[in-house]
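So this block is run-v7.pdb, PDB, C-alpha atoms:
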```pdb
ATOM      1  CA  MET L   1      96.965 112.746  63.091  1.00  0.00           C
ATOM      2  CA  PHE L   2      99.584 112.328  65.816  1.00  0.00           C
ATOM      3  CA  SER L   3     102.171 109.565  65.626  1.00  0.00           C
ATOM      4  CA  LEU L   4     104.225 107.706  68.218  1.00  0.00           C
ATOM      5  CA  LYS L   5     106.575 106.207  65.652  1.00  0.00           C
ATOM      6  CA  GLY L   6     110.034 105.751  67.105  1.00  0.00           C
ATOM      7  CA  GLN L   7     108.837 106.093  70.686  1.00  0.00           C
ATOM      8  CA  LYS L   8     109.512 103.535  73.408  1.00  0.00           C
ATOM      9  CA  ALA L   9     106.764 102.859  75.957  1.00  0.00           C
ATOM     10  CA  LEU L  10     106.695 100.785  79.140  1.00  0.00           C
ATOM     11  CA  VAL L  11     103.241  99.498  80.090  1.00  0.00           C
ATOM     12  CA  VAL L  12     102.769  98.162  83.620  1.00  0.00           C
ATOM     13  CA  GLY L  13      99.484  96.598  84.646  1.00  0.00           C
ATOM     14  CA  ILE L  14      98.229  94.308  81.891  1.00  0.00           C
ATOM     15  CA  ALA L  15      96.428  91.358  83.486  1.00  0.00           C
ATOM     16  CA  ASN L  16      94.252  90.273  80.558  1.00  0.00           C
ATOM     17  CA  GLU L  17      92.471  91.597  77.469  1.00  0.00           C
ATOM     18  CA  HIS L  18      90.026  93.574  79.640  1.00  0.00           C
ATOM     19  CA  SER L  19      92.728  95.597  81.407  1.00  0.00           C
ATOM     20  CA  ILE L  20      92.916  99.359  81.021  1.00  0.00           C
ATOM     21  CA  ALA L  21      96.648  98.901  80.482  1.00  0.00           C
ATOM     22  CA  TRP L  22      95.907  96.609  77.528  1.00  0.00           C
ATOM     23  CA  GLY L  23      93.696  99.248  75.917  1.00  0.00           C
ATOM     24  CA  CYS L  24      96.477 101.801  76.349  1.00  0.00           C
ATOM     25  CA  ALA L  25      99.235  99.515  75.084  1.00  0.00           C
ATOM     26  CA  ARG L  26      97.237  98.586  72.004  1.00  0.00           C
ATOM     27  CA  ALA L  27      96.487 102.236  71.203  1.00  0.00           C
ATOM     28  CA  MET L  28     100.128 103.250  71.578  1.00  0.00           C
ATOM     29  CA  ARG L  29     101.254 100.372  69.404  1.00  0.00           C
ATOM     30  CA  ALA L  30      98.689 101.308  66.746  1.00  0.00           C
ATOM     31  CA  GLN L  31     100.306 104.753  66.579  1.00  0.00           C
ATOM     32  CA  GLY L  32     103.753 103.246  66.075  1.00  0.00           C
ATOM     33  CA  ALA L  33     105.269 103.010  69.560  1.00  0.00           C
ATOM     34  CA  GLU L  34     107.493 100.093  70.531  1.00  0.00           C
ATOM     35  CA  ILE L  35     106.201  98.483  73.707  1.00  0.00           C
ATOM     36  CA  ALA L  36     107.703  96.882  76.813  1.00  0.00           C
ATOM     37  CA  VAL L  37     105.282  94.882  78.950  1.00  0.00           C
ATOM     38  CA  THR L  38     105.383  93.490  82.477  1.00  0.00           C
ATOM     39  CA  TYR L  39     103.367  90.744  84.140  1.00  0.00           C
ATOM     40  CA  LEU L  40     102.768  90.285  87.868  1.00  0.00           C
ATOM     41  CA  ASN L  41     103.919  86.686  88.373  1.00  0.00           C
ATOM     42  CA  ASP L  42     104.093  83.219  86.820  1.00  0.00           C
ATOM     43  CA  LYS L  43     100.339  82.768  87.133  1.00  0.00           C
ATOM     44  CA  ALA L  44      99.704  86.008  85.230  1.00  0.00           C
ATOM     45  CA  GLU L  45     102.300  85.346  82.549  1.00  0.00           C
ATOM     46  CA  ARG L  46     100.149  82.860  80.630  1.00  0.00           C
ATOM     47  CA  PHE L  47      97.497  85.560  80.149  1.00  0.00           C
ATOM     48  CA  VAL L  48      99.897  88.415  79.410  1.00  0.00           C
ATOM     49  CA  ARG L  49     102.429  86.687  77.176  1.00  0.00           C
ATOM     50  CA  PRO L  50     100.038  86.199  74.193  1.00  0.00           C
ATOM     51  CA  LEU L  51      98.998  89.860  74.442  1.00  0.00           C
ATOM     52  CA  ALA L  52     102.635  90.931  74.508  1.00  0.00           C
ATOM     53  CA  GLU L  53     103.226  88.872  71.372  1.00  0.00           C
ATOM     54  CA  GLU L  54     100.270  90.582  69.702  1.00  0.00           C
ATOM     55  CA  LEU L  55     101.918  93.912  70.511  1.00  0.00           C
ATOM     56  CA  GLU L  56     105.241  92.599  69.195  1.00  0.00           C
ATOM     57  CA  ALA L  57     106.652  93.687  72.540  1.00  0.00           C
ATOM     58  CA  GLU L  58     110.434  93.719  72.554  1.00  0.00           C
ATOM     59  CA  ILE L  59     110.702  93.459  76.335  1.00  0.00           C
ATOM     60  CA  VAL L  60     108.478  91.234  78.500  1.00  0.00           C
ATOM     61  CA  LEU L  61     109.444  90.935  82.162  1.00  0.00           C
ATOM     62  CA  PRO L  62     107.974  90.006  85.550  1.00  0.00           C
ATOM     63  CA  LEU L  63     107.196  92.874  87.896  1.00  0.00           C
ATOM     64  CA  ASP L  64     105.771  92.735  91.381  1.00  0.00           C
ATOM     65  CA  VAL L  65     106.529  96.148  92.884  1.00  0.00           C
ATOM     66  CA  SER L  66     106.437  94.576  96.348  1.00  0.00           C
ATOM     67  CA  GLU L  67     109.401  92.349  95.493  1.00  0.00           C
ATOM     68  CA  PRO L  68     112.769  94.051  96.120  1.00  0.00           C
ATOM     69  CA  GLY L  69     114.824  94.561  92.982  1.00  0.00           C
ATOM     70  CA  GLN L  70     112.203  93.663  90.376  1.00  0.00           C
ATOM     71  CA  LEU L  71     111.366  97.249  89.448  1.00  0.00           C
ATOM     72  CA  GLU L  72     115.025  98.169  89.125  1.00  0.00           C
ATOM     73  CA  ALA L  73     115.599  95.105  86.947  1.00  0.00           C
ATOM     74  CA  VAL L  74     112.909  96.225  84.512  1.00  0.00           C
ATOM     75  CA  PHE L  75     114.445  99.669  84.086  1.00  0.00           C
ATOM     76  CA  ASP L  76     117.948  98.221  83.831  1.00  0.00           C
ATOM     77  CA  GLU L  77     116.755  96.065  80.933  1.00  0.00           C
ATOM     78  CA  ILE L  78     115.088  99.042  79.237  1.00  0.00           C
ATOM     79  CA  GLY L  79     118.280 101.051  79.622  1.00  0.00           C
ATOM     80  CA  ALA L  80     120.393  98.232  78.216  1.00  0.00           C
ATOM     81  CA  ARG L  81     118.075  97.385  75.299  1.00  0.00           C
ATOM     82  CA  TRP L  82     116.670 100.790  74.371  1.00  0.00           C
ATOM     83  CA  GLY L  83     118.825 103.374  76.084  1.00  0.00           C
ATOM     84  CA  LYS L  84     115.795 105.618  76.493  1.00  0.00           C
ATOM     85  CA  LEU L  85     112.130 105.693  77.432  1.00  0.00           C
ATOM     86  CA  ASP L  86     109.470 108.040  76.069  1.00  0.00           C
ATOM     87  CA  THR L  87     106.323 106.883  77.868  1.00  0.00           C
ATOM     88  CA  LEU L  88     105.577 105.174  81.167  1.00  0.00           C
ATOM     89  CA  LEU L  89     102.104 103.832  81.963  1.00  0.00           C
ATOM     90  CA  HIS L  90     101.428 102.762  85.562  1.00  0.00           C
ATOM     91  CA  SER L  91      98.100 100.950  85.869  1.00  0.00           C
ATOM     92  CA  ILE L  92      98.350  98.973  89.095  1.00  0.00           C
ATOM     93  CA  ALA L  93      96.554  99.244  92.428  1.00  0.00           C
ATOM     94  CA  PHE L  94      96.016  96.976  95.402  1.00  0.00           C
ATOM     95  CA  ALA L  95      94.408  96.883  98.827  1.00  0.00           C
ATOM     96  CA  PRO L  96      93.921  93.860 101.096  1.00  0.00           C
ATOM     97  CA  MET L  97      90.384  92.534 100.758  1.00  0.00           C
ATOM     98  CA  ASP L  98      89.435  93.143 104.396  1.00  0.00           C
ATOM     99  CA  ASP L  99      90.473  96.783 104.125  1.00  0.00           C
ATOM    100  CA  LEU L 100      88.864  97.227 100.716  1.00  0.00           C
ATOM    101  CA  HIS L 101      85.517  95.891 101.912  1.00  0.00           C
ATOM    102  CA  GLY L 102      85.532  97.611 105.280  1.00  0.00           C
ATOM    103  CA  ARG L 103      85.001 101.180 106.406  1.00  0.00           C
ATOM    104  CA  VAL L 104      87.839 103.619 105.759  1.00  0.00           C
ATOM    105  CA  VAL L 105      88.005 104.467 109.460  1.00  0.00           C
ATOM    106  CA  ASP L 106      88.450 100.765 110.252  1.00  0.00           C
ATOM    107  CA  SER L 107      91.300 100.206 107.793  1.00  0.00           C
ATOM    108  CA  SER L 108      94.362  98.546 109.274  1.00  0.00           C
ATOM    109  CA  ALA L 109      97.651 100.383 109.419  1.00  0.00           C
ATOM    110  CA  ASP L 110      99.397  97.622 107.477  1.00  0.00           C
ATOM    111  CA  GLY L 111      96.637  97.461 104.866  1.00  0.00           C
ATOM    112  CA  PHE L 112      96.643 101.222 104.369  1.00  0.00           C
ATOM    113  CA  LYS L 113     100.426 101.312 104.026  1.00  0.00           C
ATOM    114  CA  LEU L 114     100.388  98.446 101.525  1.00  0.00           C
ATOM    115  CA  ALA L 115      97.643 100.086  99.440  1.00  0.00           C
ATOM    116  CA  MET L 116      99.579 103.359  99.373  1.00  0.00           C
ATOM    117  CA  ASP L 117     102.857 101.647  98.524  1.00  0.00           C
ATOM    118  CA  VAL L 118     101.547  99.563  95.617  1.00  0.00           C
ATOM    119  CA  SER L 119      99.039 102.080  94.267  1.00  0.00           C
ATOM    120  CA  VAL L 120     100.900 105.377  94.762  1.00  0.00           C
ATOM    121  CA  HIS L 121     104.521 105.150  95.823  1.00  0.00           C
ATOM    122  CA  SER L 122     105.301 102.590  93.125  1.00  0.00           C
ATOM    123  CA  PHE L 123     104.368 105.256  90.542  1.00  0.00           C
ATOM    124  CA  LEU L 124     106.810 107.704  92.094  1.00  0.00           C
ATOM    125  CA  ARG L 125     109.499 105.025  92.136  1.00  0.00           C
ATOM    126  CA  MET L 126     108.867 104.322  88.456  1.00  0.00           C
ATOM    127  CA  ILE L 127     109.069 108.009  87.585  1.00  0.00           C
ATOM    128  CA  ARG L 128     112.369 108.307  89.440  1.00  0.00           C
ATOM    129  CA  LEU L 129     113.820 105.383  87.478  1.00  0.00           C
ATOM    130  CA  ALA L 130     112.366 106.637  84.182  1.00  0.00           C
ATOM    131  CA  GLU L 131     113.713 110.174  84.606  1.00  0.00           C
ATOM    132  CA  PRO L 132     117.307 109.488  83.462  1.00  0.00           C
ATOM    133  CA  LEU L 133     115.946 107.595  80.433  1.00  0.00           C
ATOM    134  CA  MET L 134     113.823 110.606  79.435  1.00  0.00           C
ATOM    135  CA  ALA L 135     116.679 112.962  78.598  1.00  0.00           C
ATOM    136  CA  ASP L 136     114.666 114.368  75.680  1.00  0.00           C
ATOM    137  CA  GLY L 137     111.429 114.585  77.653  1.00  0.00           C
ATOM    138  CA  GLY L 138     108.659 112.067  78.076  1.00  0.00           C
ATOM    139  CA  THR L 139     105.257 111.225  79.509  1.00  0.00           C
ATOM    140  CA  CYS L 140     104.340 109.429  82.737  1.00  0.00           C
ATOM    141  CA  LEU L 141     100.756 108.204  83.075  1.00  0.00           C
ATOM    142  CA  THR L 142      98.783 106.561  85.853  1.00  0.00           C
ATOM    143  CA  VAL L 143      95.145 105.558  86.350  1.00  0.00           C
ATOM    144  CA  SER L 144      92.746 107.086  88.888  1.00  0.00           C
ATOM    145  CA  PHE L 145      88.982 107.222  89.506  1.00  0.00           C
ATOM    146  CA  SER L 146      86.486 109.896  90.571  1.00  0.00           C
ATOM    147  CA  GLY L 147      86.207 108.207  93.975  1.00  0.00           C
ATOM    148  CA  SER L 148      89.318 110.254  94.725  1.00  0.00           C
ATOM    149  CA  THR L 149      87.320 113.463  95.113  1.00  0.00           C
ATOM    150  CA  ARG L 150      83.815 112.235  95.933  1.00  0.00           C
ATOM    151  CA  VAL L 151      82.509 109.431  98.082  1.00  0.00           C
ATOM    152  CA  VAL L 152      81.598 106.460  95.886  1.00  0.00           C
ATOM    153  CA  LYS L 153      79.755 103.718  97.720  1.00  0.00           C
ATOM    154  CA  ASN L 154      81.886 100.594  98.238  1.00  0.00           C
ATOM    155  CA  TYR L 155      85.040 102.240  96.853  1.00  0.00           C
ATOM    156  CA  ASN L 156      86.183 102.628 100.445  1.00  0.00           C
ATOM    157  CA  ILE L 157      89.930 102.776 101.132  1.00  0.00           C
ATOM    158  CA  MET L 158      90.766 103.258  97.448  1.00  0.00           C
ATOM    159  CA  GLY L 159      89.201 106.734  97.596  1.00  0.00           C
ATOM    160  CA  PRO L 160      91.914 108.202  99.859  1.00  0.00           C
ATOM    161  CA  VAL L 161      94.543 106.189  97.995  1.00  0.00           C
ATOM    162  CA  LYS L 162      93.524 107.612  94.600  1.00  0.00           C
ATOM    163  CA  ALA L 163      93.359 111.102  96.108  1.00  0.00           C
ATOM    164  CA  ALA L 164      96.995 110.674  97.133  1.00  0.00           C
ATOM    165  CA  LEU L 165      97.841 109.401  93.643  1.00  0.00           C
ATOM    166  CA  GLU L 166      96.331 112.463  91.992  1.00  0.00           C
ATOM    167  CA  SER L 167      98.214 114.757  94.369  1.00  0.00           C
ATOM    168  CA  ALA L 168     101.426 112.886  93.540  1.00  0.00           C
ATOM    169  CA  VAL L 169     100.727 113.509  89.843  1.00  0.00           C
ATOM    170  CA  ARG L 170     100.545 117.265  90.418  1.00  0.00           C
ATOM    171  CA  TYR L 171     103.728 117.423  92.471  1.00  0.00           C
ATOM    172  CA  ALA L 172     105.662 115.210  90.069  1.00  0.00           C
ATOM    173  CA  ALA L 173     104.458 117.320  87.124  1.00  0.00           C
ATOM    174  CA  ALA L 174     105.723 120.474  88.841  1.00  0.00           C
ATOM    175  CA  GLU L 175     109.069 118.918  89.676  1.00  0.00           C
ATOM    176  CA  LEU L 176     109.762 117.406  86.246  1.00  0.00           C
ATOM    177  CA  GLY L 177     108.230 120.021  83.956  1.00  0.00           C
ATOM    178  CA  GLU L 178     111.517 121.832  83.345  1.00  0.00           C
ATOM    179  CA  LYS L 179     112.924 118.587  81.957  1.00  0.00           C
ATOM    180  CA  GLY L 180     110.078 118.259  79.467  1.00  0.00           C
ATOM    181  CA  ILE L 181     108.558 115.318  81.325  1.00  0.00           C
ATOM    182  CA  SER L 182     104.782 115.500  81.679  1.00  0.00           C
ATOM    183  CA  VAL L 183     102.790 113.601  84.290  1.00  0.00           C
ATOM    184  CA  HIS L 184      99.081 112.749  84.036  1.00  0.00           C
ATOM    185  CA  ALA L 185      96.312 110.679  85.584  1.00  0.00           C
ATOM    186  CA  LEU L 186      93.715 109.000  83.396  1.00  0.00           C
ATOM    187  CA  SER L 187      90.358 108.864  85.190  1.00  0.00           C
ATOM    188  CA  PRO L 188      87.791 106.657  83.459  1.00  0.00           C
ATOM    189  CA  GLY L 189      84.401 106.029  84.983  1.00  0.00           C
ATOM    190  CA  PRO L 190      83.595 102.536  86.238  1.00  0.00           C
ATOM    191  CA  LEU L 191      84.998  99.854  83.935  1.00  0.00           C
ATOM    192  CA  LYS L 192      84.514  96.122  84.209  1.00  0.00           C
ATOM    193  CA  THR L 193      88.098  95.015  84.687  1.00  0.00           C
ATOM    194  CA  ARG L 194      89.687  92.236  86.719  1.00  0.00           C
ATOM    195  CA  ALA L 195      90.912  94.766  89.274  1.00  0.00           C
ATOM    196  CA  ALA L 196      87.444  96.271  89.703  1.00  0.00           C
ATOM    197  CA  SER L 197      85.953  92.876  90.470  1.00  0.00           C
ATOM    198  CA  GLY L 198      87.257  93.179  94.020  1.00  0.00           C
ATOM    199  CA  ILE L 199      85.017  96.174  94.745  1.00  0.00           C
ATOM    200  CA  GLY L 200      81.746  95.223  96.425  1.00  0.00           C
ATOM    201  CA  HIS L 201      78.503  95.515  94.405  1.00  0.00           C
ATOM    202  CA  PHE L 202      80.468  96.724  91.377  1.00  0.00           C
ATOM    203  CA  ASP L 203      77.749  95.769  88.879  1.00  0.00           C
ATOM    204  CA  GLU L 204      75.397  98.167  90.684  1.00  0.00           C
ATOM    205  CA  LEU L 205      77.989 100.928  90.328  1.00  0.00           C
ATOM    206  CA  LEU L 206      78.278 100.246  86.595  1.00  0.00           C
ATOM    207  CA  MET L 207      74.517 100.496  86.064  1.00  0.00           C
ATOM    208  CA  SER L 208      74.215 103.634  88.201  1.00  0.00           C
ATOM    209  CA  ALA L 209      77.088 105.314  86.367  1.00  0.00           C
ATOM    210  CA  ALA L 210      75.582 104.583  82.950  1.00  0.00           C
ATOM    211  CA  GLU L 211      72.270 106.066  84.075  1.00  0.00           C
ATOM    212  CA  ARG L 212      73.927 109.198  85.473  1.00  0.00           C
ATOM    213  CA  ALA L 213      76.327 109.876  82.606  1.00  0.00           C
ATOM    214  CA  PRO L 214      74.946 112.463  80.157  1.00  0.00           C
ATOM    215  CA  MET L 215      75.835 110.172  77.280  1.00  0.00           C
ATOM    216  CA  HIS L 216      74.326 107.156  79.104  1.00  0.00           C
ATOM    217  CA  LEU L 217      77.403 105.234  78.033  1.00  0.00           C
ATOM    218  CA  LEU L 218      80.514 104.221  79.913  1.00  0.00           C
ATOM    219  CA  ALA L 219      83.966 104.533  78.421  1.00  0.00           C
ATOM    220  CA  GLY L 220      85.769 101.400  77.301  1.00  0.00           C
ATOM    221  CA  ILE L 221      89.444 100.547  77.491  1.00  0.00           C
ATOM    222  CA  GLU L 222      89.750 101.703  73.864  1.00  0.00           C
ATOM    223  CA  ASP L 223      88.627 105.207  74.874  1.00  0.00           C
ATOM    224  CA  VAL L 224      91.130 105.344  77.709  1.00  0.00           C
ATOM    225  CA  GLY L 225      93.804 104.064  75.348  1.00  0.00           C
ATOM    226  CA  ALA L 226      93.078 106.794  72.815  1.00  0.00           C
ATOM    227  CA  MET L 227      93.604 109.466  75.477  1.00  0.00           C
ATOM    228  CA  ALA L 228      96.781 107.793  76.723  1.00  0.00           C
ATOM    229  CA  ALA L 229      98.230 107.635  73.213  1.00  0.00           C
ATOM    230  CA  PHE L 230      97.431 111.306  72.614  1.00  0.00           C
ATOM    231  CA  LEU L 231      99.025 112.396  75.885  1.00  0.00           C
ATOM    232  CA  ALA L 232     102.136 110.433  74.921  1.00  0.00           C
ATOM    233  CA  SER L 233     102.408 112.332  71.637  1.00  0.00           C
ATOM    234  CA  ARG L 234     104.413 115.472  70.922  1.00  0.00           C
ATOM    235  CA  GLU L 235     101.151 117.278  70.202  1.00  0.00           C
ATOM    236  CA  ALA L 236     100.374 117.031  73.930  1.00  0.00           C
ATOM    237  CA  SER L 237     103.823 118.125  75.106  1.00  0.00           C
ATOM    238  CA  HIS L 238     102.494 121.328  76.700  1.00  0.00           C
ATOM    239  CA  LEU L 239      99.936 119.498  78.830  1.00  0.00           C
ATOM    240  CA  THR L 240     100.891 118.264  82.278  1.00  0.00           C
ATOM    241  CA  GLY L 241      99.584 117.680  85.788  1.00  0.00           C
ATOM    242  CA  GLY L 242      96.065 116.848  84.652  1.00  0.00           C
ATOM    243  CA  VAL L 243      93.464 114.361  85.801  1.00  0.00           C
ATOM    244  CA  HIS L 244      91.755 113.487  82.521  1.00  0.00           C
ATOM    245  CA  GLU L 245      88.217 112.172  82.868  1.00  0.00           C
ATOM    246  CA  ILE L 246      87.123 109.740  80.168  1.00  0.00           C
ATOM    247  CA  ASP L 247      83.689 108.774  81.401  1.00  0.00           C
ATOM    248  CA  GLY L 248      80.876 109.959  79.146  1.00  0.00           C
ATOM    249  CA  GLY L 249      80.335 112.915  81.490  1.00  0.00           C
ATOM    250  CA  TYR L 250      79.740 110.745  84.593  1.00  0.00           C
ATOM    251  CA  SER L 251      82.051 112.935  86.668  1.00  0.00           C
ATOM    252  CA  ILE L 252      80.102 116.168  86.045  1.00  0.00           C
ATOM    253  CA  THR L 253      76.834 114.894  87.466  1.00  0.00           C
ATOM    254  CA  ALA L 254      75.684 115.248  91.069  1.00  0.00           C
TER     255      ALA L 254
END
```

Show how you would write the structure in this file as structure tokens.
Amino acid sequence: MFSLKGQKALVVGIANEHSIAWGCARAMRAQGAEIAVTYLNDKAERFVRPLAEELEAEIVLPLDVSEPGQLEAVFDEIGARWGKLDTLLHSIAFAPMDDLHGRVVDSSADGFKLAMDVSVHSFLRMIRLAEPLMADGGTCLTVSFSGSTRVVKNYNIMGPVKAALESAVRYAAAELGEKGISVHALSPGPLKTRAASGIGHFDELLMSAAERAPMHLLAGIEDVGAMAAFLASREASHLTGGVHEIDGGYSITA
């Protein structure tokens, strides 16, 4: 059985106990990793702080990637407290509601730029800041969805955004591989999370996905967490650049 004992992991994106990031953080902690956690703002802190305490998180900091300096402050604290980082998990995405609920061709320039910045470029910024802390190698993870490669009704602007995220994963993996830093995207099927609640008719998507999946079951945050913890382990050190589907086979069906 793999172990993450002695590893340091930063988890970005926990909103509550239903978050994919929470499933990943809990799985990494169960395998022995020490965890740093961020929360979006003061409103989110009251939901995240008890979860961070459950993880015995050593570092708990605010992080809104749209606020100048906050991301750098998080990595400065990790450098000062830990001096290294083994695993980075990026599990954040955003699009303005009007753009998310409208046609892709009608998306506003500002909305598209904001969605790309928060959902994609923030991951690249995190990798760049993590790189000097991963002198002995490491793992950078993000979260995607099959709407990146196929049209999923009501997923709208997030389809092109996730496609860009997956492409960024491949390029980052190629650029950092010689340093022993792997880069991956986790791609679960539809999951009932707080973030997903903004997608129109999401309950219909959940039911349709369960019917289509060969296993007739959807993955839970625990399943995504198990994959994240494995990819963070030394046993997965020769894997990189992948989009890992954890969806009961949903993604293989037409």

Subject >> Protein, DNA and RNA residues within 10 Å of (99.2, 110.9, 64.7), all atoms listed in the file, as a PyMOL selection string >> reply: chain L and resi 1-5+30-32+229-230+233-235

Next item on the list: Find the residues near Leu55 of chain L: any atom within 12 Å, counting all atoms listed in the file, skip ones fewer than 6 places away on the same chain, and give them as a PyMOL selection string.
Entry: chain L and resi 9+11+14+17+22-37+48-49

List the spatial neighbours of Asn16 of chain L as a PDB file with C-alpha atoms, in the frame of the given file - criterion: any atom at most 10 Å away, all atoms listed in the file, same-chain residues fewer than 3 positions off excluded.
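Full text of selection08.pdb as output:
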```
ATOM      1  CA  GLY L  13      99.484  96.598  84.646  1.00  0.00           C
ATOM      2  CA  SER L  19      92.728  95.597  81.407  1.00  0.00           C
ATOM      3  CA  ILE L  20      92.916  99.359  81.021  1.00  0.00           C
ATOM      4  CA  ALA L  21      96.648  98.901  80.482  1.00  0.00           C
ATOM      5  CA  TRP L  22      95.907  96.609  77.528  1.00  0.00           C
ATOM      6  CA  TYR L  39     103.367  90.744  84.140  1.00  0.00           C
ATOM      7  CA  ALA L  44      99.704  86.008  85.230  1.00  0.00           C
ATOM      8  CA  GLU L  45     102.300  85.346  82.549  1.00  0.00           C
ATOM      9  CA  ARG L  46     100.149  82.860  80.630  1.00  0.00           C
ATOM     10  CA  PHE L  47      97.497  85.560  80.149  1.00  0.00           C
ATOM     11  CA  VAL L  48      99.897  88.415  79.410  1.00  0.00           C
ATOM     12  CA  ARG L  49     102.429  86.687  77.176  1.00  0.00           C
ATOM     13  CA  PRO L  50     100.038  86.199  74.193  1.00  0.00           C
ATOM     14  CA  LEU L  51      98.998  89.860  74.442  1.00  0.00           C
ATOM     15  CA  THR L 193      88.098  95.015  84.687  1.00  0.00           C
ATOM     16  CA  ARG L 194      89.687  92.236  86.719  1.00  0.00           C
TER      17      ARG L 194
END
```

| field | Output of the PyMOL selection byres ((chain L and resi 143-150) around 8), listed as number ranges by chain | value | L: 90-92, 141-142, 151-152, 155, 158-163, 165-166, 185-190, 243, 251

| request: Would you kindly return, as a list in words, each protein, DNA or RNA residue with an atom no farther than 12 Å from any atom of Asp110 of chain L, considering only C-alpha atoms and excluding same-chain residues fewer than 4 positions away? | output: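 Counting only the stated atoms, we get Ala95, Pro96, Asp98, Asp99, Asp106, Leu114, Ala115, Met116 and Asp117 of chain L.
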
Output for the residues just chosen: C-alpha atoms as a PDB file, keeping the file's coordinate frame:
```pdb
ATOM      1  CA  ALA L  95      94.408  96.883  98.827  1.00  0.00           C
ATOM      2  CA  PRO L  96      93.921  93.860 101.096  1.00  0.00           C
ATOM      3  CA  ASP L  98      89.435  93.143 104.396  1.00  0.00           C
ATOM      4  CA  ASP L  99      90.473  96.783 104.125  1.00  0.00           C
ATOM      5  CA  ASP L 106      88.450 100.765 110.252  1.00  0.00           C
ATOM      6  CA  LEU L 114     100.388  98.446 101.525  1.00  0.00           C
ATOM      7  CA  ALA L 115      97.643 100.086  99.440  1.00  0.00           C
ATOM      8  CA  MET L 116      99.579 103.359  99.373  1.00  0.00           C
ATOM      9  CA  ASP L 117     102.857 101.647  98.524  1.00  0.00           C
TER      10      ASP L 117
END
```

Evaluate the PyMOL selection byres ((chain L and resi 75) around 10) here and jot the selected residues down as an MDAnalysis selection string. chainID L and resid 10 70:74 76:81 83:85 126 129:130 133

Atom CA of Leu89 of chain L sits from atom CA of His18 of chain L at a separation of 16.0 Å
